[in-house]
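Peer 1: Take this structure, written in structure tokens, and hold onto it; I'll ask about it next.
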Amino acid sequence: MLQNKTQNFILLSSFLAVISVALLFLILAGSVAFAQSHEHHGLTNGVVDVQSGKMLFQKKCAVCHGSEGVGGVGVPLNLHDFLRTTSNRYLLQTIRMGRPGRVMPAFSTLTKAQVQSIILYIRSWRPEIEIPVYSLDLIEGDVKKGQVTYDAACDNCHREKGIGGEGTGVTFSRPRNAELIAPAIGNSAFLAAASDQMIKRIIMTGRESTPMDSAMAMGLKEEDVDNVVTYLRSLEENGTVQKVKHSQRDDAVLMYESSYSIEETIENMKRAALGHNFRYIREQTLDHGFVEKDQESNHEYLIYFCNFTFLNQALLVDPRIGMFLPFRTTIVKKEDTVLVMTVSPDYLCSLFNNNELKQSCHFMAEKYEAMLEESTF
Amino acid sequence: MKLCLKKVPFKVMRMKNLFYKLLLNGFVVVFMLLPITLQAEHQKLIMGRSSEAFPETMSALQEEIKKAGYTISIVQRVDIGLSGMGFETDKYRVVFFGKPEEIKSLPKKYPKLTPYLPLAITIFAENEETILAAMSPGYIEHAYIKNSDSSDAELQAIFLRWQKDIELIIENVGQLE
């Protein structure tokens, strides 16, 4: 009897185990299929080849870096000097880790073979260039002297602690004041991707087509360069590198309840916006353009305002921000309540992985809140 | 079918049970972590690049929006406003679109969703090519879906459809030759 029970128990355990394993495989297979359908788009698994790399580049990278790597929202990659001084290790790490707070997202779901294929494609633009390979040996210079040299020679473009130049890439939709934005060389992901030897070579040779001169042209000796590299590496060790600022409000919407009628609230909002240097653009019902004019609902209104100076500045930082600019406020009457709402700039700012935008978004959020408050109380 | 089992020593049996328990626990952990992994993969922006110039891409975008069953309500000419104020810019527009029945019903059911209506795709010239960008409905969804009750399930389905539709619209426009 006891033996039968034991046998049944073992049988049941075995059955459960088999089911668990089968389910586990099913889930993993499903997960891989999901990842492929969302990230990999039918590319060969495990095979490194230039055609796959081209397909992946067009799918994942071209939107920002340009179809031929000439740049845009992202920095240009198809530069002789860039390809001559950057290692494949650096490119691989950069694609995988992105640049926290500096627009470039991390493509962590791509396989190593896929990233290598992208790199192979990038290298195919200029096959005559010999791919550099750097030793991972650390350079041991003087941190303090390095900081002094950095402040004198590098800070002007790369800014304090290497947080990088302002703006996004070299977007063609805006006037091109600089050919290449100064990279964030104090960024945690940059320092993880770039070896000391690679950073040293770049400083020694400078970068053509950019304002960055060679060390010699800047009056720096090799020892000074070593010190600067050591200083940059110390930023990583001290934890002072630029990381993504996670502070953001959870709510996607700024919403106020108005003490006035919907008509009064609309007029209040217009006055408030003008008082905050916003220009009135237009007002319309929410369903304008969707239904016949005589069927439009007078319970939901949209009012558009714009501060063009601010809009222009924000577009210089990130040309994609126009997706929630100019300022659009929604006024809704629900039973006896009038609600005034707008999208939350602080919330939406996190879409862009761009620390430069944080300040602009916060400025916007404060302005919007002030206008909403003034129009409702 | 009768299964014949050999007598298993108690110690071996305990080890086997332990193995099965570990396996089962592993399965539970993987199962619990899976949604987090999938969620982390969700993109924040939906972007595409067309190799065509702005006017061709703009008309293709409008066509694709209509093909996906949406109505275009207005095209915001951001560049005209900026140029009028003396700022230098290339072509820059925002296309607003939606389904009339959703524009009517959603604000009543989900007032807090109204600021995100109508849906929008930003389109701007980038030299001889054109870029399209939209915020991912799948990303905004996290601010709205707090519980797993039935109303949230309905909203979740709407966000999912928007996500797929916008991805398809931008992908189709991006494939212009």
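Residues are named by chain letter and number: chains run A, B, ... in the order of the structure tokens, numbers start at 1 in each chain, and ligands are numbered from 1 in the order shown.
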For the interface of chain B with chain A (cut-off 6 Å, counting only C-alpha atoms), please tabulate each contacting residue of chain B alongside its nearest pair of atoms and their separation in Å to one decimal, rows sorted by chain and increasing number, as CSV.

Peer 2:
residue,atom,partner,partner_atom,distance
B:Tyr20,CA,A:Ala17,CA,5.8
B:Lys44,CA,A:Leu351,CA,5.3
B:Gly48,CA,A:Val63,CA,5.5
B:Arg49,CA,A:Val63,CA,4.9
B:Ser73,CA,A:Gly289,CA,4.3
B:Thr89,CA,A:Arg174,CA,5.4
B:Asp90,CA,A:Ser173,CA,4.9
B:Pro100,CA,A:Phe290,CA,5.2
B:Pro115,CA,A:Thr342,CA,5.3
B:Thr122,CA,A:Met323,CA,5.4
B:Ala125,CA,A:Ser173,CA,5.9
B:Glu126,CA,A:Phe172,CA,4.9
B:Asn127,CA,A:Phe172,CA,5.4
B:Ala143,CA,A:Ala252,CA,5.9

Peer 1: State, in Å with one decimal place, the distance from CA of Glu222 (chain A) to CA of Ser188 (chain A).

Peer 2: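 Taking CA of Glu222 (chain A) as the start and CA of Ser188 (chain A) as the end point, the length is 24.5 Å.
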
Peer 1: May I have the residues within 12 Å of Arg89 (chain A) as a list in words, using only C-alpha atoms and disregarding those fewer than 2 positions away in the same chain?

Peer 2: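 The contact residues come out as Thr85, Thr86, Ser87, Leu91, Leu92, Gln93, Thr94, Ile95, Arg96, Met97, Lys112, Val115, Gln116, Ile119, Ile131, Pro132, Val133, Tyr134, Ser135, Leu136, Phe190, Ala192, Ala193, Ala194, Ser195 and Met198 of chain A.
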
Peer 1: Please, could you write that set of residues out with N, CA and C atoms as a PDB file, in the first residue's frame?

Peer 2:
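What follows is the written file selection.pdb:
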ATOM      1  N   THR A  85      39.738  55.610 -35.555  1.00  0.00           N
ATOM      2  CA  THR A  85      40.189  55.619 -34.156  1.00  0.00           C
ATOM      3  C   THR A  85      39.321  54.769 -33.217  1.00  0.00           C
ATOM      4  N   THR A  86      38.149  54.354 -33.667  1.00  0.00           N
ATOM      5  CA  THR A  86      37.292  53.585 -32.755  1.00  0.00           C
ATOM      6  C   THR A  86      37.424  52.087 -33.023  1.00  0.00           C
ATOM      7  N   SER A  87      37.476  51.331 -31.945  1.00  0.00           N
ATOM      8  CA  SER A  87      37.630  49.874 -32.067  1.00  0.00           C
ATOM      9  C   SER A  87      36.260  49.219 -32.213  1.00  0.00           C
ATOM     10  N   LEU A  91      32.436  49.975 -30.439  1.00  0.00           N
ATOM     11  CA  LEU A  91      31.157  50.042 -31.160  1.00  0.00           C
ATOM     12  C   LEU A  91      30.163  49.036 -30.576  1.00  0.00           C
ATOM     13  N   LEU A  92      30.661  47.830 -30.307  1.00  0.00           N
ATOM     14  CA  LEU A  92      29.793  46.780 -29.767  1.00  0.00           C
ATOM     15  C   LEU A  92      29.203  47.195 -28.421  1.00  0.00           C
ATOM     16  N   GLN A  93      30.068  47.685 -27.547  1.00  0.00           N
ATOM     17  CA  GLN A  93      29.609  48.095 -26.213  1.00  0.00           C
ATOM     18  C   GLN A  93      28.638  49.272 -26.311  1.00  0.00           C
ATOM     19  N   THR A  94      28.921  50.178 -27.230  1.00  0.00           N
ATOM     20  CA  THR A  94      28.079  51.364 -27.364  1.00  0.00           C
ATOM     21  C   THR A  94      26.685  50.981 -27.846  1.00  0.00           C
ATOM     22  N   ILE A  95      26.635  50.079 -28.833  1.00  0.00           N
ATOM     23  CA  ILE A  95      25.322  49.654 -29.328  1.00  0.00           C
ATOM     24  C   ILE A  95      24.555  48.944 -28.219  1.00  0.00           C
ATOM     25  N   ARG A  96      25.232  48.122 -27.477  1.00  0.00           N
ATOM     26  CA  ARG A  96      24.546  47.337 -26.443  1.00  0.00           C
ATOM     27  C   ARG A  96      24.125  48.180 -25.238  1.00  0.00           C
ATOM     28  N   MET A  97      24.969  49.139 -24.847  1.00  0.00           N
ATOM     29  CA  MET A  97      24.704  49.892 -23.626  1.00  0.00           C
ATOM     30  C   MET A  97      24.070  51.251 -23.872  1.00  0.00           C
ATOM     31  N   LYS A 112      24.802  39.108 -29.940  1.00  0.00           N
ATOM     32  CA  LYS A 112      26.164  39.555 -30.232  1.00  0.00           C
ATOM     33  C   LYS A 112      26.417  39.490 -31.743  1.00  0.00           C
ATOM     34  N   VAL A 115      24.845  42.453 -33.475  1.00  0.00           N
ATOM     35  CA  VAL A 115      25.611  43.688 -33.279  1.00  0.00           C
ATOM     36  C   VAL A 115      26.880  43.643 -34.129  1.00  0.00           C
ATOM     37  N   GLN A 116      27.505  42.470 -34.152  1.00  0.00           N
ATOM     38  CA  GLN A 116      28.724  42.330 -34.972  1.00  0.00           C
ATOM     39  C   GLN A 116      28.410  42.539 -36.454  1.00  0.00           C
ATOM     40  N   ILE A 119      28.197  46.191 -37.070  1.00  0.00           N
ATOM     41  CA  ILE A 119      29.550  46.764 -37.098  1.00  0.00           C
ATOM     42  C   ILE A 119      30.231  46.458 -38.438  1.00  0.00           C
ATOM     43  N   ILE A 131      41.166  48.553 -39.025  1.00  0.00           N
ATOM     44  CA  ILE A 131      40.392  48.619 -37.777  1.00  0.00           C
ATOM     45  C   ILE A 131      41.347  48.597 -36.586  1.00  0.00           C
ATOM     46  N   PRO A 132      41.265  49.622 -35.740  1.00  0.00           N
ATOM     47  CA  PRO A 132      42.213  49.638 -34.609  1.00  0.00           C
ATOM     48  C   PRO A 132      41.817  48.663 -33.504  1.00  0.00           C
ATOM     49  N   VAL A 133      42.820  48.074 -32.901  1.00  0.00           N
ATOM     50  CA  VAL A 133      42.600  47.201 -31.736  1.00  0.00           C
ATOM     51  C   VAL A 133      43.469  47.762 -30.616  1.00  0.00           C
ATOM     52  N   TYR A 134      42.853  48.024 -29.487  1.00  0.00           N
ATOM     53  CA  TYR A 134      43.603  48.642 -28.386  1.00  0.00           C
ATOM     54  C   TYR A 134      43.805  47.665 -27.237  1.00  0.00           C
ATOM     55  N   SER A 135      44.907  47.852 -26.558  1.00  0.00           N
ATOM     56  CA  SER A 135      45.134  47.094 -25.328  1.00  0.00           C
ATOM     57  C   SER A 135      44.188  47.661 -24.266  1.00  0.00           C
ATOM     58  N   LEU A 136      43.790  46.808 -23.336  1.00  0.00           N
ATOM     59  CA  LEU A 136      42.883  47.272 -22.274  1.00  0.00           C
ATOM     60  C   LEU A 136      43.651  47.740 -21.037  1.00  0.00           C
ATOM     61  N   PHE A 190      30.091  55.536 -22.009  1.00  0.00           N
ATOM     62  CA  PHE A 190      31.261  55.844 -22.857  1.00  0.00           C
ATOM     63  C   PHE A 190      32.518  55.281 -22.214  1.00  0.00           C
ATOM     64  N   ALA A 192      32.772  52.904 -20.128  1.00  0.00           N
ATOM     65  CA  ALA A 192      32.784  51.437 -20.111  1.00  0.00           C
ATOM     66  C   ALA A 192      33.167  50.895 -21.490  1.00  0.00           C
ATOM     67  N   ALA A 193      32.824  51.635 -22.532  1.00  0.00           N
ATOM     68  CA  ALA A 193      33.072  51.151 -23.896  1.00  0.00           C
ATOM     69  C   ALA A 193      34.478  51.504 -24.386  1.00  0.00           C
ATOM     70  N   ALA A 194      34.962  52.682 -24.005  1.00  0.00           N
ATOM     71  CA  ALA A 194      36.242  53.164 -24.539  1.00  0.00           C
ATOM     72  C   ALA A 194      37.394  52.769 -23.621  1.00  0.00           C
ATOM     73  N   SER A 195      38.423  52.169 -24.185  1.00  0.00           N
ATOM     74  CA  SER A 195      39.607  51.844 -23.377  1.00  0.00           C
ATOM     75  C   SER A 195      40.448  53.110 -23.213  1.00  0.00           C
ATOM     76  N   MET A 198      42.339  53.928 -26.330  1.00  0.00           N
ATOM     77  CA  MET A 198      41.549  54.517 -27.410  1.00  0.00           C
ATOM     78  C   MET A 198      41.335  56.022 -27.161  1.00  0.00           C
TER      79      MET A 198
END

Peer 1: List every residue of region 73-142 of chain B that DSSP, applied to the backbone of this structure, assigns to strand (DSSP E), and report them as a list in words.

Peer 2: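 Answer for region 73-142 of chain B, restricted to strand (DSSP E): Ser73, Ile74, Val75, Gln76, Arg77, Tyr92, Arg93, Val94, Val95, Phe96, Phe97, Gly98, Leu119, Ala120, Ile121, Thr122, Ile123, Phe124, Ala125, Glu126, Glu129, Thr130, Ile131, Leu132, Ala133, Ala134 and Met135 of chain B.
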